[in-house]
>>> print(open('structure.cif').read())   # mmCIF, C-alpha atoms and all ligand atoms
data_input
#
loop_
_atom_site.group_PDB
_atom_site.id
_atom_site.type_symbol
_atom_site.label_atom_id
_atom_site.label_comp_id
_atom_site.auth_asym_id
_atom_site.auth_seq_id
_atom_site.Cartn_x
_atom_site.Cartn_y
_atom_site.Cartn_z
ATOM 1 C CA MET A 1 -5.598 1.412 -14.417
ATOM 2 C CA ILE A 2 -7.661 4.583 -14.171
ATOM 3 C CA ALA A 3 -6.568 7.336 -16.552
ATOM 4 C CA ASP A 4 -4.939 10.357 -14.943
ATOM 5 C CA VAL A 5 -7.473 12.629 -13.298
ATOM 6 C CA PRO A 6 -6.681 16.201 -12.196
ATOM 7 C CA PRO A 7 -6.603 16.716 -8.420
ATOM 8 C CA PRO A 8 -9.648 18.568 -7.093
ATOM 9 C CA PRO A 9 -9.117 21.612 -4.842
ATOM 10 C CA ILE A 10 -8.379 20.342 -1.323
ATOM 11 C CA HIS A 11 -8.284 22.540 1.798
ATOM 12 C CA GLN A 12 -5.701 21.305 4.273
ATOM 13 C CA ASP A 13 -7.261 21.372 7.748
ATOM 14 C CA PRO A 14 -5.243 18.870 9.785
ATOM 15 C CA ILE A 15 -6.418 17.501 13.108
ATOM 16 C CA PRO A 16 -3.711 17.020 15.766
ATOM 17 C CA PHE A 17 -1.905 13.724 15.058
ATOM 18 C CA GLY A 18 1.214 13.909 17.217
ATOM 19 C CA ALA A 19 3.519 11.269 18.648
ATOM 20 C CA GLU A 20 1.016 9.973 21.195
ATOM 21 C CA ARG A 21 -1.805 9.514 18.680
ATOM 22 C CA ARG A 22 0.596 7.832 16.233
ATOM 23 C CA ALA A 23 1.720 5.455 18.985
ATOM 24 C CA ASP A 24 -1.938 4.677 19.766
ATOM 25 C CA MET A 25 -2.494 4.013 16.056
ATOM 26 C CA ARG A 26 0.484 1.625 15.964
ATOM 27 C CA ARG A 27 -0.862 -0.249 18.981
ATOM 28 C CA TYR A 28 -4.309 -0.441 17.365
ATOM 29 C CA ALA A 29 -2.804 -1.783 14.125
ATOM 30 C CA ARG A 30 -0.906 -4.439 16.017
ATOM 31 C CA ARG A 31 -3.922 -5.506 18.090
ATOM 32 C CA HIS A 32 -6.444 -5.576 15.250
ATOM 33 C CA TYR A 33 -4.363 -6.371 12.139
ATOM 34 C CA GLY A 34 -1.090 -7.842 13.404
ATOM 35 C CA ILE A 35 0.837 -4.976 11.744
ATOM 36 C CA ARG A 36 3.626 -3.147 13.596
ATOM 37 C CA SER A 37 3.157 0.191 11.864
ATOM 38 C CA ALA A 38 0.668 3.041 11.500
ATOM 39 C CA ARG A 39 1.609 3.558 7.859
ATOM 40 C CA LEU A 40 -1.381 3.324 5.497
ATOM 41 C CA LYS A 41 -1.150 1.075 2.431
ATOM 42 C CA PRO A 42 -4.167 2.253 0.412
ATOM 43 C CA ARG A 43 -6.102 -0.555 -1.325
ATOM 44 C CA THR A 44 -9.669 0.613 -0.831
ATOM 45 C CA ILE A 45 -11.682 3.805 -0.299
ATOM 46 C CA VAL A 46 -14.529 3.772 2.238
ATOM 47 C CA GLN A 47 -17.346 6.315 1.915
ATOM 48 C CA HIS A 48 -19.197 7.520 5.027
ATOM 49 C CA VAL A 49 -21.950 9.861 6.172
ATOM 50 C CA THR A 50 -21.209 11.933 9.301
ATOM 51 C CA VAL A 51 -24.792 11.895 10.668
ATOM 52 C CA ASN A 52 -24.498 15.546 11.602
ATOM 53 C CA THR A 53 -25.107 18.812 9.788
ATOM 54 C CA SER A 54 -21.852 20.769 9.796
ATOM 55 C CA TYR A 55 -18.243 20.512 8.756
ATOM 56 C CA ARG A 56 -17.112 22.292 11.927
ATOM 57 C CA ALA A 57 -18.923 19.755 14.140
ATOM 58 C CA THR A 58 -17.269 16.970 12.149
ATOM 59 C CA TRP A 59 -13.769 18.434 12.568
ATOM 60 C CA ASN A 60 -14.436 18.922 16.304
ATOM 61 C CA THR A 61 -15.521 15.285 16.647
ATOM 62 C CA PHE A 62 -12.333 13.934 15.105
ATOM 63 C CA ALA A 63 -9.782 16.381 16.536
ATOM 64 C CA PRO A 64 -9.380 15.088 20.119
ATOM 65 C CA ASN A 65 -7.488 11.863 20.702
ATOM 66 C CA VAL A 66 -10.031 10.304 23.053
ATOM 67 C CA ALA A 67 -11.448 6.780 23.218
ATOM 68 C CA ASP A 68 -14.601 6.486 21.105
ATOM 69 C CA GLY A 69 -17.964 5.948 22.803
ATOM 70 C CA GLU A 70 -18.866 2.821 20.842
ATOM 71 C CA LEU A 71 -15.787 0.603 21.157
ATOM 72 C CA GLY A 72 -13.873 2.441 23.891
ATOM 73 C CA GLU A 73 -10.545 2.337 22.083
ATOM 74 C CA LEU A 74 -7.700 4.667 21.172
ATOM 75 C CA PRO A 75 -6.663 6.468 19.036
ATOM 76 C CA GLY A 76 -9.701 8.707 18.546
ATOM 77 C CA THR A 77 -11.762 7.995 15.431
ATOM 78 C CA CYS A 78 -11.034 10.075 12.341
ATOM 79 C CA THR A 79 -11.106 10.292 8.568
ATOM 80 C CA HIS A 80 -8.682 11.390 5.869
ATOM 81 C CA PHE A 81 -11.176 13.638 4.045
ATOM 82 C CA VAL A 82 -14.483 15.394 4.663
ATOM 83 C CA VAL A 83 -16.724 16.661 1.846
ATOM 84 C CA ASP A 84 -18.990 19.432 3.122
ATOM 85 C CA ARG A 85 -22.519 20.352 1.992
ATOM 86 C CA ARG A 86 -21.228 22.988 -0.453
ATOM 87 C CA GLY A 87 -18.814 20.604 -2.142
ATOM 88 C CA GLY A 88 -15.697 21.777 -0.276
ATOM 89 C CA ILE A 89 -13.079 19.078 0.279
ATOM 90 C CA HIS A 90 -11.064 19.146 3.525
ATOM 91 C CA GLN A 91 -8.105 16.926 4.344
ATOM 92 C CA LEU A 92 -7.756 16.166 8.063
ATOM 93 C CA VAL A 93 -5.112 13.413 8.062
ATOM 94 C CA PRO A 94 -2.187 12.761 5.660
ATOM 95 C CA LEU A 95 -2.519 9.659 3.498
ATOM 96 C CA GLU A 96 0.692 8.209 4.922
ATOM 97 C CA LEU A 97 -1.164 7.503 8.167
ATOM 98 C CA MET A 98 -3.843 4.985 9.029
ATOM 99 C CA CYS A 99 -6.819 6.425 10.790
ATOM 100 C CA ARG A 100 -9.788 4.832 12.521
ATOM 101 C CA HIS A 101 -12.977 5.045 10.451
ATOM 102 C CA THR A 102 -13.891 1.462 9.491
ATOM 103 C CA VAL A 103 -13.406 -1.609 11.684
ATOM 104 C CA GLY A 104 -11.465 -4.263 9.765
ATOM 105 C CA LEU A 105 -10.110 -1.948 7.062
ATOM 106 C CA ASN A 106 -8.193 0.884 8.706
ATOM 107 C CA HIS A 107 -4.834 -0.593 7.628
ATOM 108 C CA VAL A 108 -5.747 -0.326 3.915
ATOM 109 C CA ALA A 109 -8.604 2.195 3.642
ATOM 110 C CA ILE A 110 -8.722 5.864 2.765
ATOM 111 C CA GLY A 111 -11.727 7.350 4.606
ATOM 112 C CA ILE A 112 -14.037 9.952 3.082
ATOM 113 C CA GLU A 113 -16.800 11.433 5.257
ATOM 114 C CA HIS A 114 -19.722 13.396 3.838
ATOM 115 C CA VAL A 115 -21.548 15.916 5.996
ATOM 116 C CA GLY A 116 -25.196 14.844 6.141
ATOM 117 C CA MET A 117 -27.738 12.856 8.131
ATOM 118 C CA ALA A 118 -28.265 9.971 5.666
ATOM 119 C CA ASP A 119 -27.097 8.522 2.337
ATOM 120 C CA GLY A 120 -29.873 10.373 0.501
ATOM 121 C CA ASP A 121 -28.553 13.750 1.664
ATOM 122 C CA VAL A 122 -25.270 13.064 -0.140
ATOM 123 C CA MET A 123 -26.717 11.463 -3.261
ATOM 124 C CA GLY A 124 -29.284 14.286 -3.538
ATOM 125 C CA ASN A 125 -26.756 17.125 -3.211
ATOM 126 C CA ALA A 126 -25.242 17.694 -6.673
ATOM 127 C CA ARG A 127 -22.303 19.837 -5.510
ATOM 128 C CA GLN A 128 -21.360 17.516 -2.662
ATOM 129 C CA LEU A 129 -21.684 14.404 -4.813
ATOM 130 C CA GLU A 130 -19.670 15.870 -7.675
ATOM 131 C CA ALA A 131 -16.830 16.867 -5.323
ATOM 132 C CA SER A 132 -16.875 13.417 -3.759
ATOM 133 C CA LEU A 133 -16.729 11.671 -7.145
ATOM 134 C CA ARG A 134 -13.836 13.850 -8.310
ATOM 135 C CA LEU A 135 -11.882 13.292 -5.113
ATOM 136 C CA THR A 136 -12.466 9.549 -5.252
ATOM 137 C CA ARG A 137 -11.556 9.279 -8.927
ATOM 138 C CA TRP A 138 -8.325 11.194 -8.348
ATOM 139 C CA LEU A 139 -7.442 8.971 -5.369
ATOM 140 C CA GLN A 140 -8.212 5.875 -7.441
ATOM 141 C CA ALA A 141 -5.820 7.013 -10.158
ATOM 142 C CA GLU A 142 -3.085 8.018 -7.705
ATOM 143 C CA HIS A 143 -3.202 4.765 -5.737
ATOM 144 C CA ASP A 144 -4.386 2.338 -8.428
ATOM 145 C CA ILE A 145 -7.620 1.451 -6.618
ATOM 146 C CA ARG A 146 -10.278 -0.467 -8.545
ATOM 147 C CA THR A 147 -13.846 0.830 -8.675
ATOM 148 C CA ARG A 148 -15.096 -2.357 -7.001
ATOM 149 C CA ASP A 149 -12.856 -1.398 -4.047
ATOM 150 C CA VAL A 150 -14.622 1.943 -3.649
ATOM 151 C CA ILE A 151 -17.127 0.852 -1.025
ATOM 152 C CA GLY A 152 -19.606 2.199 1.493
ATOM 153 C CA HIS A 153 -19.082 1.744 5.224
ATOM 154 C CA ASN A 154 -22.111 -0.584 5.211
ATOM 155 C CA GLU A 155 -20.299 -2.823 2.692
ATOM 156 C CA SER A 156 -17.197 -3.273 4.874
ATOM 157 C CA LEU A 157 -17.882 -6.884 5.879
ATOM 158 C CA THR A 158 -17.612 -8.133 2.289
ATOM 159 C CA SER A 159 -14.365 -6.364 1.366
ATOM 160 C CA PRO A 160 -11.649 -8.862 0.372
ATOM 161 C CA TYR A 161 -9.172 -6.742 2.379
ATOM 162 C CA ARG A 162 -10.978 -7.088 5.701
ATOM 163 C CA VAL A 163 -8.879 -8.287 8.636
ATOM 164 C CA GLU A 164 -10.020 -8.302 12.268
ATOM 165 C CA ARG A 165 -8.267 -10.223 14.997
ATOM 166 C CA VAL A 166 -10.544 -9.097 17.827
ATOM 167 C CA ALA A 167 -13.359 -11.660 17.937
ATOM 168 C CA ARG A 168 -16.129 -9.355 19.208
ATOM 169 C CA LEU A 169 -15.600 -7.074 16.181
ATOM 170 C CA ARG A 170 -15.685 -9.764 13.485
ATOM 171 C CA ASP A 171 -19.171 -8.756 12.326
ATOM 172 C CA GLN A 172 -19.033 -5.050 13.236
ATOM 173 C CA THR A 173 -20.052 -2.493 10.631
ATOM 174 C CA HIS A 174 -22.227 0.646 10.368
ATOM 175 C CA GLY A 175 -25.338 1.550 8.394
ATOM 176 C CA ASP A 176 -23.949 4.456 6.359
ATOM 177 C CA MET A 177 -23.492 4.170 2.565
ATOM 178 C CA THR A 178 -25.398 0.965 1.811
ATOM 179 C CA PRO A 179 -24.917 -1.371 -1.192
ATOM 180 C CA THR A 180 -27.914 0.281 -2.920
ATOM 181 C CA THR A 181 -26.386 3.752 -2.529
ATOM 182 C CA MET A 182 -22.973 2.530 -3.588
ATOM 183 C CA ARG A 183 -24.188 0.836 -6.772
ATOM 184 C CA ARG A 184 -25.382 4.281 -7.903
ATOM 185 C CA TYR A 185 -22.207 5.956 -6.661
ATOM 186 C CA ARG A 186 -19.908 3.510 -8.509
ATOM 187 C CA ARG A 187 -21.925 3.902 -11.714
ATOM 188 C CA GLN A 188 -21.459 7.661 -11.520
ATOM 189 C CA LEU A 189 -17.707 7.302 -10.999
ATOM 190 C CA GLY A 190 -17.482 5.977 -14.529
ATOM 191 C CA ARG A 191 -18.461 9.427 -15.878
ATOM 192 C CA ILE A 192 -15.310 11.020 -14.499
ATOM 193 C CA GLY A 193 -11.998 10.276 -16.190
HETATM 194 ZN ZN ZN B 1 -19.138 5.366 8.578
#
>>> encode(input="structure.cif", output="structure tokens", more="lines below")
Ligand SMILES: [Zn+2]
Amino acid sequence: MIADVPPPPIHQDPIPFGAERRADMRRYARRHYGIRSARLKPRTIVQHVTVNTSYRATWNTFAPNVADGELGELPGTCTHFVVDRRGGIHQLVPLELMCRHTVGLNHVAIGIEHVGMADGDVMGNARQLEASLRLTRWLQAEHDIRTRDVIGHNESLTSPYRVERVARLRDQTHGDMTPTTMRRYRRQLGRIG
């Protein structure tokens, strides 16, 4: 168990997640995980980099419920949290809901995006990194998530929680937040709480 950690300041900035998007999420969960619900059961936290330079552009990317360009599926991709370049934390989706940010883990993963072009932008930005660590540590304490289950998107294939029923996606992952980055990130988590 992680000791209690105070919640960091979080700006609520929800994207539209109405009945249609929830129904799309339920269908996705059934197709990919064999689960008949869009309700998130948090077991892991996945860290991402947006590969863009602004919070507003990030919000605008996730807001519409449109099929993504890479996999062509609904609901639209999204994330629970975004940490901006000044260390502001924004919540886009409530934690009760699954959202699409990591193939194979959306049924159990809280998603945290960081505005930046590459891992080094996040690890080299003291305010952004500190906000991210505090948010993650608080979420770990709230949901009893082990530090080894705080992973980078690029580590998704080796998570013990990974499930993917669609054969063409069995080996699908992204390059953001590599094992090298995440070893440093997890070490730093130990400083907080
Ligand atoms: Zn990612």
>>> resolve_selection(input="structure.cif", expression="the PyMOL selection byres (((not hetatm)) within 7 of (chain B and resi 1))", output="list in words")
Gln47, His48, Val49, Thr50, His101, Thr102, His153, His174 and Asp176 of chain A
>>> resolve_selection(input="structure.cif", expression="the PyMOL selection byres (((chain A and resi 136) around 12) and not hetatm)", output="PyMOL selection string")
chain A and resi 2+5-8+44-47+80-83+89+110-113+129-135+137-147+149-151+185-186+188-190+192-193
>>> closest_residue(input="structure.cif", among="A:Arg148, A:His32, A:Arg22, A:His114", to="Leu169 (chain A)", atoms="only C-alpha atoms")
A:His32
>>> closest_residue(input="structure.cif", among="A:Tyr55, A:Gly76, A:Phe62, A:Leu95", to="Ala23 (chain A)", atoms="only C-alpha atoms")
A:Gly76
>>> atom_distance(input="structure.cif", atom1="CA of Val166 (chain A)", atom2="CA of Arg27 (chain A)")
13.2 Å
>>> closest_residue(input="structure.cif", among="A:His107, A:Arg21, A:Lys41, A:Arg85", to="Glu73 (chain A)", atoms="all atoms listed in the file")
A:Arg21
>>> atom_distance(input="structure.cif", atom1="CA of Val115 (chain A)", atom2="CA of Pro64 (chain A)")
18.7 Å
>>> atom_distance(input="structure.cif", atom1="CA of Arg165 (chain A)", atom2="CA of Pro16 (chain A)")
27.6 Å
>>> resolve_selection(input="structure.cif", expression="the PyMOL selection byres (((chain A and resi 25) around 12) and not hetatm)", output="PyMOL selection string")
chain A and resi 17-24+26-33+35-40+65+67+73-78+97-101+106-107
>>> residues_around(input="structure.cif", residues="Gly104 (chain A)", least_positions_apart="6", cutoff="6 Å", atoms="all atoms listed in the file", output="ChimeraX atom specification")
/A:162-164
>>> axis_aligned_box(input="structure.cif", around="region 54-72 of chain A", padding_each_side="8 Å", output="AutoDock Vina command-line options")
--center_x -14.7 --center_y 11.4 --center_z 16.3 --size_x 30.4 --size_y 37.7 --size_z 31.1
>>> closest_residue(input="structure.cif", among="A:Thr53, A:Asp119, A:Glu70, A:Ala126", to="Met182 (chain A)", atoms="all atoms listed in the file")
A:Asp119
>>> closest_residue(input="structure.cif", among="A:Gly69, A:Thr181, A:Arg170, A:Leu92", to="Gly124 (chain A)", atoms="all atoms listed in the file")
A:Thr181
>>> closest_residue(input="structure.cif", among="A:Gln128, A:Thr178, A:Ser54, A:Gln91", to="Gly152 (chain A)", atoms="only C-alpha atoms")
A:Thr178
>>> build_atoms(input="structure.cif", residues="region 18-47 of chain A", atoms="N, CA and C atoms", output="mmCIF file, in the frame of the given file")
data_model
loop_
_atom_site.group_PDB
_atom_site.id
_atom_site.type_symbol
_atom_site.label_atom_id
_atom_site.label_comp_id
_atom_site.auth_asym_id
_atom_site.auth_seq_id
_atom_site.Cartn_x
_atom_site.Cartn_y
_atom_site.Cartn_z
ATOM 1 N N GLY A 18 -0.155 13.902 16.715
ATOM 2 C CA GLY A 18 1.214 13.909 17.217
ATOM 3 C C GLY A 18 1.700 12.532 17.610
ATOM 4 N N ALA A 19 2.837 12.529 18.327
ATOM 5 C CA ALA A 19 3.519 11.269 18.648
ATOM 6 C C ALA A 19 2.620 10.314 19.432
ATOM 7 N N GLU A 20 1.829 10.857 20.363
ATOM 8 C CA GLU A 20 1.016 9.973 21.195
ATOM 9 C C GLU A 20 -0.087 9.297 20.366
ATOM 10 N N ARG A 21 -0.738 10.090 19.497
ATOM 11 C CA ARG A 21 -1.805 9.514 18.680
ATOM 12 C C ARG A 21 -1.233 8.494 17.695
ATOM 13 N N ARG A 22 -0.053 8.800 17.140
ATOM 14 C CA ARG A 22 0.596 7.832 16.233
ATOM 15 C C ARG A 22 0.926 6.532 16.958
ATOM 16 N N ALA A 23 1.405 6.662 18.206
ATOM 17 C CA ALA A 23 1.720 5.455 18.985
ATOM 18 C C ALA A 23 0.445 4.662 19.264
ATOM 19 N N ASP A 24 -0.649 5.366 19.566
ATOM 20 C CA ASP A 24 -1.938 4.677 19.766
ATOM 21 C C ASP A 24 -2.364 3.967 18.484
ATOM 22 N N MET A 25 -2.118 4.622 17.340
ATOM 23 C CA MET A 25 -2.494 4.013 16.056
ATOM 24 C C MET A 25 -1.661 2.757 15.797
ATOM 25 N N ARG A 26 -0.371 2.815 16.131
ATOM 26 C CA ARG A 26 0.484 1.625 15.964
ATOM 27 C C ARG A 26 -0.005 0.475 16.843
ATOM 28 N N ARG A 27 -0.370 0.805 18.079
ATOM 29 C CA ARG A 27 -0.862 -0.249 18.981
ATOM 30 C C ARG A 27 -2.175 -0.838 18.458
ATOM 31 N N TYR A 28 -3.033 0.031 17.928
ATOM 32 C CA TYR A 28 -4.309 -0.441 17.365
ATOM 33 C C TYR A 28 -4.045 -1.380 16.184
ATOM 34 N N ALA A 29 -3.109 -0.976 15.315
ATOM 35 C CA ALA A 29 -2.804 -1.783 14.125
ATOM 36 C C ALA A 29 -2.254 -3.154 14.511
ATOM 37 N N ARG A 30 -1.476 -3.171 15.564
ATOM 38 C CA ARG A 30 -0.906 -4.439 16.017
ATOM 39 C C ARG A 30 -1.993 -5.344 16.587
ATOM 40 N N ARG A 31 -2.868 -4.752 17.419
ATOM 41 C CA ARG A 31 -3.922 -5.506 18.090
ATOM 42 C C ARG A 31 -4.955 -6.039 17.089
ATOM 43 N N HIS A 32 -5.328 -5.212 16.119
ATOM 44 C CA HIS A 32 -6.444 -5.576 15.250
ATOM 45 C C HIS A 32 -6.007 -6.225 13.938
ATOM 46 N N TYR A 33 -4.787 -5.889 13.463
ATOM 47 C CA TYR A 33 -4.363 -6.371 12.139
ATOM 48 C C TYR A 33 -3.070 -7.164 12.176
ATOM 49 N N GLY A 34 -2.379 -7.162 13.332
ATOM 50 C CA GLY A 34 -1.090 -7.842 13.404
ATOM 51 C C GLY A 34 0.002 -7.124 12.629
ATOM 52 N N ILE A 35 -0.134 -5.792 12.493
ATOM 53 C CA ILE A 35 0.837 -4.976 11.744
ATOM 54 C C ILE A 35 1.548 -4.052 12.734
ATOM 55 N N ARG A 36 2.878 -3.973 12.648
ATOM 56 C CA ARG A 36 3.626 -3.147 13.596
ATOM 57 C C ARG A 36 3.920 -1.771 13.018
ATOM 58 N N SER A 37 2.939 -1.114 12.479
ATOM 59 C CA SER A 37 3.157 0.191 11.864
ATOM 60 C C SER A 37 1.820 0.909 11.724
ATOM 61 N N ALA A 38 1.878 2.241 11.728
ATOM 62 C CA ALA A 38 0.668 3.041 11.500
ATOM 63 C C ALA A 38 0.630 3.575 10.072
ATOM 64 N N ARG A 39 1.527 3.056 9.236
ATOM 65 C CA ARG A 39 1.609 3.558 7.859
ATOM 66 C C ARG A 39 0.500 2.946 6.994
ATOM 67 N N LEU A 40 -0.272 3.798 6.329
ATOM 68 C CA LEU A 40 -1.381 3.324 5.497
ATOM 69 C C LEU A 40 -0.866 2.771 4.175
ATOM 70 N N LYS A 41 -1.409 1.611 3.765
ATOM 71 C CA LYS A 41 -1.150 1.075 2.431
ATOM 72 C C LYS A 41 -2.492 1.054 1.694
ATOM 73 N N PRO A 42 -2.807 2.114 0.950
ATOM 74 C CA PRO A 42 -4.167 2.253 0.412
ATOM 75 C C PRO A 42 -4.509 1.183 -0.632
ATOM 76 N N ARG A 43 -5.594 0.443 -0.385
ATOM 77 C CA ARG A 43 -6.102 -0.555 -1.325
ATOM 78 C C ARG A 43 -7.584 -0.325 -1.616
ATOM 79 N N THR A 44 -8.229 0.426 -0.731
ATOM 80 C CA THR A 44 -9.669 0.613 -0.831
ATOM 81 C C THR A 44 -10.028 2.011 -0.317
ATOM 82 N N ILE A 45 -11.173 2.506 -0.759
ATOM 83 C CA ILE A 45 -11.682 3.805 -0.299
ATOM 84 C C ILE A 45 -13.044 3.538 0.320
ATOM 85 N N VAL A 46 -13.244 3.993 1.569
ATOM 86 C CA VAL A 46 -14.529 3.772 2.238
ATOM 87 C C VAL A 46 -15.259 5.108 2.387
ATOM 88 N N GLN A 47 -16.497 5.116 1.888
ATOM 89 C CA GLN A 47 -17.346 6.315 1.915
ATOM 90 C C GLN A 47 -18.267 6.264 3.133
#
